[in-house]
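A short worksheet on the structure shown next.
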Amino acid sequence: MNFGHKKLYIDGKLVHASENKTFEVISPINEKPVATISWATKEDTLKALASAQKGFEYWSQLSINERNEWIAKLRNKILEKSEILRDAIIYEMGKTWNSAEDDLKSITDSLKFYAEEILKKEDISIEDKEGTHSHVLVNQPVGVVVAFLAYNFPLLNLGFKLGPALAAGCSIILKPSEFSPLSAYIIGELCEEIDFPKGVINIICGDVANVGVPLCESTIPRLITMIGSTETAQKLIAQSSKTSIKRYSMECGGNAPFIVFADADINKAINDGSELKYGNSGQVCVAPNRFFIHESIIDRFVEEFTKKAKNEIVGFGKDTDVTMGPLANKQSLEKVDDIVKEAQKEGAKVLYGGNKIEKEGYYFEPTVLVFDKKDAKTLQKEIFGPVAVIVPFSTKEEAIELANNTDVGLASYVYSSNEEILNEFADKLAFGEVHLNGFKYDIYLPHGGVKNSGIGVDCSVYALDDYLIRKRVTKQL
């Protein structure tokens with residue numbers, strides 16, 4: 001399937017990049033091009049910034065009901081074009097058909113959720129202790145938003161930023177990953193189709209020098225938000241802080257521990273762990289990275305978990321029997337392969353998988369590694385691939401120490417039938433999310449990390465706080 005050429009979306013119009021620069025989108029399914037996109041220059045980036053500023057001046061003055069009417073039009077158009085969007089995700093990312101549907105549902109859910117939640121935001125009155133003044137905190141949009149998006153969930157990531165930005169009254173510049181820009185560019189086409197107010201949404205992609213740096217160094221953006229690695233977040237903050245004080249909302253990398261005690265429902269832990277690990281080929285920031293299993297049950301856990309890995313059906317996403325597709329790009333494939341090789345040098349035993357699949361595309365085998373070495377460097381790396389690293393532990397104190405031995409803290413998982421253990425781990429695990437005896441993610445649940453896993457949250461009503469300022473209005477009585 002070939003999607004042809006896709007243009008930038010700037011100031012309400014689909015436009016070619018200046019100098020007619022283009023970029024080829026390579027499908028991880030077969031390593032062949034599936035589209036070309038206009039590749040933004042610095043000139044295009046500056047146009048997007050100027051457009052976003054004008055778009056904010058218009059959009060922020062509309063009533064919430066007027067904004068919500070436009071958000072509904074966009075959502076309806078996305079639903080109308082759901083088939084082409086799902087196809088785009090599959091071909092640019094290699095996702096399974098069901099996973100592509102989840103991605104699409106995330107953006108439509110986000111647009112609906114934030115359009116409803118913004119209506120519930122109320123001004124806050126503060127009592128004056130002396131009775132001489134009235135005080136009210138009013139919500140106002142922060143301004144122009146720049147959003148840098150990761151490649152792993154093209155429309156989910158886009159929706160997590162677009163929903164709250166539009167509802168809050170902000171304009172936004174969306175910069176998708178060069179590895180999965182196709183569906184984002186199609187969103188630009190849909191915006192033009194419905195004649196969405198110009199400048200409110202801008203969609204551009206290009207290299208760091210011509211897009212990333214100018215977006216960050218401009219004084220126009222008031223909020224820089226992203227989904228990506230910790231290293232990328234550090235660069236964005238350093239670049240953007242040179243010229244002006246900006247807000248940040250960043251969801252960065254994770255190194256999720258998955259802890260199973262002897263008294264846990266082991267079958268549920270195995271099913272959940274496998275689903276979380278191999279879903280989206282392991283390219284999920286909340287995927288378990290380190291499986292810490294009590295030494296008394298580790299043999300059983302490893303045996304059954306390995307059976308799960310062997311049952312994964314690896315292939316092309318439109319095949320409905322497929323449960324796991326390729327990695328998104330060649331760089332990811334090489335990174336995962338290198339990590340597995342380094343783990344083996346550190347003493348890891350490969351129980352299943354561990355190799356690239358010799359076929360067209362960026363496929364890697366679902367893999368199970370077992371480590372006895374608890375200070376291995378591999379345990380400090382976010383693998384971002386279909387590789388489960390399993391390590392035994394003997395005491396709860398050791399499990400807590402092993403789990404917290406990382407400079408990031410996004411998601412964590414604990415399985416036990418002992419309420420005291422669950423409560424203790426909920427208190428002592430240094431992660432933004434602690435899931436006990438199961439897991440759940442949804443648009444209404446806050447998603448964010450601690451330590452080097454980010455600032456602010458995605459999802460939930462709390463995400464709106466990143467896109468709003470609270471202005472105090474005080475009046476003498």
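Letters A, B, ... mark the chains of the structure tokens in the order given; residue numbers begin at 1 per chain; ligand numbers begin at 1, in order shown.
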Q | 9 Å contact set for stretch 441-454 of chain A, only C-alpha atoms, chain neighbours under 6 positions out, as a list in words | A |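 Using only C-alpha atoms, the neighbours found are Ser106, Asp109, Ser110, Phe113, Phe160, Ser229, Thr230, Ala233, Ser249, Met250, Glu251, Cys252, Gly253, Gly254, Asp407, Val408, Gly409, Leu410, Ala411, Ala430, Phe431, Gly432, Glu433, Ser460, Val461, Tyr462 and Ala463 of chain A.
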Can I get the selection written as a PDB file, in the first residue's frame, with C-alpha atoms?
ATOM      1  CA  SER A 106      -7.397   7.008  21.981  1.00  0.00           C
ATOM      2  CA  ASP A 109     -11.683   9.452  23.311  1.00  0.00           C
ATOM      3  CA  SER A 110      -9.282  12.268  24.187  1.00  0.00           C
ATOM      4  CA  PHE A 113     -13.137  13.632  27.196  1.00  0.00           C
ATOM      5  CA  PHE A 160      -3.059  13.047  24.498  1.00  0.00           C
ATOM      6  CA  SER A 229      13.044   9.573  26.042  1.00  0.00           C
ATOM      7  CA  THR A 230      14.562  11.243  29.083  1.00  0.00           C
ATOM      8  CA  ALA A 233      13.464  15.844  27.287  1.00  0.00           C
ATOM      9  CA  SER A 249       4.807  18.665  30.419  1.00  0.00           C
ATOM     10  CA  MET A 250       6.901  15.646  29.554  1.00  0.00           C
ATOM     11  CA  GLU A 251       6.302  11.915  29.688  1.00  0.00           C
ATOM     12  CA  CYS A 252       9.708  10.281  29.497  1.00  0.00           C
ATOM     13  CA  GLY A 253      11.163   6.801  29.569  1.00  0.00           C
ATOM     14  CA  GLY A 254      10.439   4.078  32.068  1.00  0.00           C
ATOM     15  CA  ASP A 407      16.854   6.776  37.829  1.00  0.00           C
ATOM     16  CA  VAL A 408      13.406   6.704  36.211  1.00  0.00           C
ATOM     17  CA  GLY A 409       9.998   5.979  37.687  1.00  0.00           C
ATOM     18  CA  LEU A 410       6.953   5.678  35.459  1.00  0.00           C
ATOM     19  CA  ALA A 411       4.931   2.459  35.975  1.00  0.00           C
ATOM     20  CA  ALA A 430       9.298   5.290  43.651  1.00  0.00           C
ATOM     21  CA  PHE A 431       7.097   5.304  40.562  1.00  0.00           C
ATOM     22  CA  GLY A 432       4.331   7.551  39.310  1.00  0.00           C
ATOM     23  CA  GLU A 433       2.024   4.560  38.988  1.00  0.00           C
ATOM     24  CA  SER A 460      -7.265  12.754  33.214  1.00  0.00           C
ATOM     25  CA  VAL A 461      -8.594  16.143  34.210  1.00  0.00           C
ATOM     26  CA  TYR A 462      -5.221  16.875  35.818  1.00  0.00           C
ATOM     27  CA  ALA A 463      -3.559  17.150  32.392  1.00  0.00           C
TER      28      ALA A 463
END
How close does each residue of stretch 28-98 of chain A get to stretch 204-208 of chain A, giving the shortest atom pair and distance in Å to one decimal for every residue with an atom at most 9 Å away, counting only C-alpha atoms, sorted by chain and residue number, as a tab-separated table?
residue	atom	partner	partner_atom	distance
A:Ile37	CA	A:Cys205	CA	8.4
A:Ser38	CA	A:Cys205	CA	7.7
A:Trp39	CA	A:Gly206	CA	5.1
A:Ala40	CA	A:Gly206	CA	4.8
A:Thr41	CA	A:Gly206	CA	6.8
A:Lys42	CA	A:Gly206	CA	8.8
A:Asp44	CA	A:Ile204	CA	8.2
A:Thr45	CA	A:Ile204	CA	7.5
A:Ala48	CA	A:Ile204	CA	8.0
Prev. selection, N, CA and C atoms, output as a short mmCIF file (atom, residue, chain, number, x, y, z; two decimals), in the first residue's frame:
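Done, and the output landed in result-v3.cif:
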data_model
loop_
_atom_site.label_atom_id
_atom_site.label_comp_id
_atom_site.auth_asym_id
_atom_site.auth_seq_id
_atom_site.Cartn_x
_atom_site.Cartn_y
_atom_site.Cartn_z
N ILE A 37 6.62 12.51 2.71
CA ILE A 37 6.03 13.65 3.40
C ILE A 37 6.85 14.90 3.10
N SER A 38 6.20 16.04 3.14
CA SER A 38 6.94 17.30 3.04
C SER A 38 7.79 17.44 4.30
N TRP A 39 9.05 17.79 4.10
CA TRP A 39 10.05 17.82 5.16
C TRP A 39 10.37 19.28 5.46
N ALA A 40 9.93 19.74 6.62
CA ALA A 40 9.95 21.16 6.93
C ALA A 40 11.37 21.73 7.02
N THR A 41 11.51 22.94 6.54
CA THR A 41 12.74 23.72 6.68
C THR A 41 12.55 24.69 7.85
N LYS A 42 13.59 25.43 8.16
CA LYS A 42 13.47 26.44 9.22
C LYS A 42 12.43 27.49 8.84
N ASP A 44 9.72 27.04 7.15
CA ASP A 44 8.40 26.47 7.41
C ASP A 44 8.08 26.49 8.91
N THR A 45 9.10 26.20 9.72
CA THR A 45 8.91 26.19 11.16
C THR A 45 8.54 27.58 11.67
N ALA A 48 4.98 28.26 10.88
CA ALA A 48 4.09 27.55 11.78
C ALA A 48 3.98 28.26 13.12
#
Using the chain letters and numbers from this document, which residues of stretch 200-231 of chain A does DSSP assign to strand (DSSP E or B), as a CSV table (one decimal) with C-alpha atoms, in the first residue's frame?
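So the final result, stored in part_24.csv, reads:
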chain,number,residue,atom,x,y,z
A,201,ILE,CA,-3.4,23.3,14.7
A,202,ASN,CA,-0.2,23.1,12.8
A,203,ILE,CA,1.5,19.8,11.8
A,221,PRO,CA,5.6,28.8,22.7
A,222,ARG,CA,4.5,29.0,26.3
A,223,LEU,CA,4.4,25.2,26.9
A,224,ILE,CA,6.7,22.6,25.5
A,225,THR,CA,5.2,19.1,25.9
A,226,MET,CA,6.5,15.8,24.6
A,227,ILE,CA,6.4,12.0,24.8
Q: Return the single residue from A:Ser177, A:Ser241, A:Asn280, A:Asn311 that is closest to A:Phe384, with distances computed using only C-alpha atoms.
A: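 Closest candidate: A:Asn280.
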(Q) Can you pull out the residues contacting A:Lys428? Cut-off 9 Å, using only C-alpha atoms, and skip same-chain residues under 3 positions away; I want them as a ChimeraX atom specification. (A) /A:400,404,423-425,431
Where does stretch 272-330 of chain A meet stretch 11-32 of chain A within 7 Å, residue by residue, with the nearest atom pair and distance in Å to one decimal for each, counting only C-alpha atoms, listed by chain and rising number, as a Markdown table?
| residue | atom | partner | partner_atom | distance |
| --- | --- | --- | --- | --- |
| A:Phe316 | CA | A:Ile29 | CA | 6.3 |
| A:Pro326 | CA | A:Pro28 | CA | 6.2 |
| A:Leu327 | CA | A:Pro28 | CA | 6.7 |
| A:Ala328 | CA | A:Pro28 | CA | 5.5 |
| A:Asn329 | CA | A:Pro28 | CA | 5.8 |
Export of the given selection (N, CA and C atoms) as a PDB file, in the first residue's frame:
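Output file out-v2.pdb is given in full below:
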ATOM      1  N   PHE A 316       2.579  -9.560   9.887  1.00  0.00           N
ATOM      2  CA  PHE A 316       2.044  -8.324   9.335  1.00  0.00           C
ATOM      3  C   PHE A 316       0.736  -7.961  10.034  1.00  0.00           C
ATOM      4  N   PRO A 326       6.464  -5.994  13.818  1.00  0.00           N
ATOM      5  CA  PRO A 326       7.889  -5.671  13.864  1.00  0.00           C
ATOM      6  C   PRO A 326       8.169  -4.512  14.806  1.00  0.00           C
ATOM      7  N   LEU A 327       9.443  -4.250  15.046  1.00  0.00           N
ATOM      8  CA  LEU A 327       9.837  -3.001  15.682  1.00  0.00           C
ATOM      9  C   LEU A 327       9.689  -1.886  14.663  1.00  0.00           C
ATOM     10  N   ALA A 328       9.601  -0.668  15.134  1.00  0.00           N
ATOM     11  CA  ALA A 328       9.174   0.439  14.279  1.00  0.00           C
ATOM     12  C   ALA A 328      10.217   0.877  13.266  1.00  0.00           C
ATOM     13  N   ASN A 329      11.478   0.642  13.533  1.00  0.00           N
ATOM     14  CA  ASN A 329      12.520   1.131  12.642  1.00  0.00           C
ATOM     15  C   ASN A 329      13.797   0.321  12.826  1.00  0.00           C
TER      16      ASN A 329
END
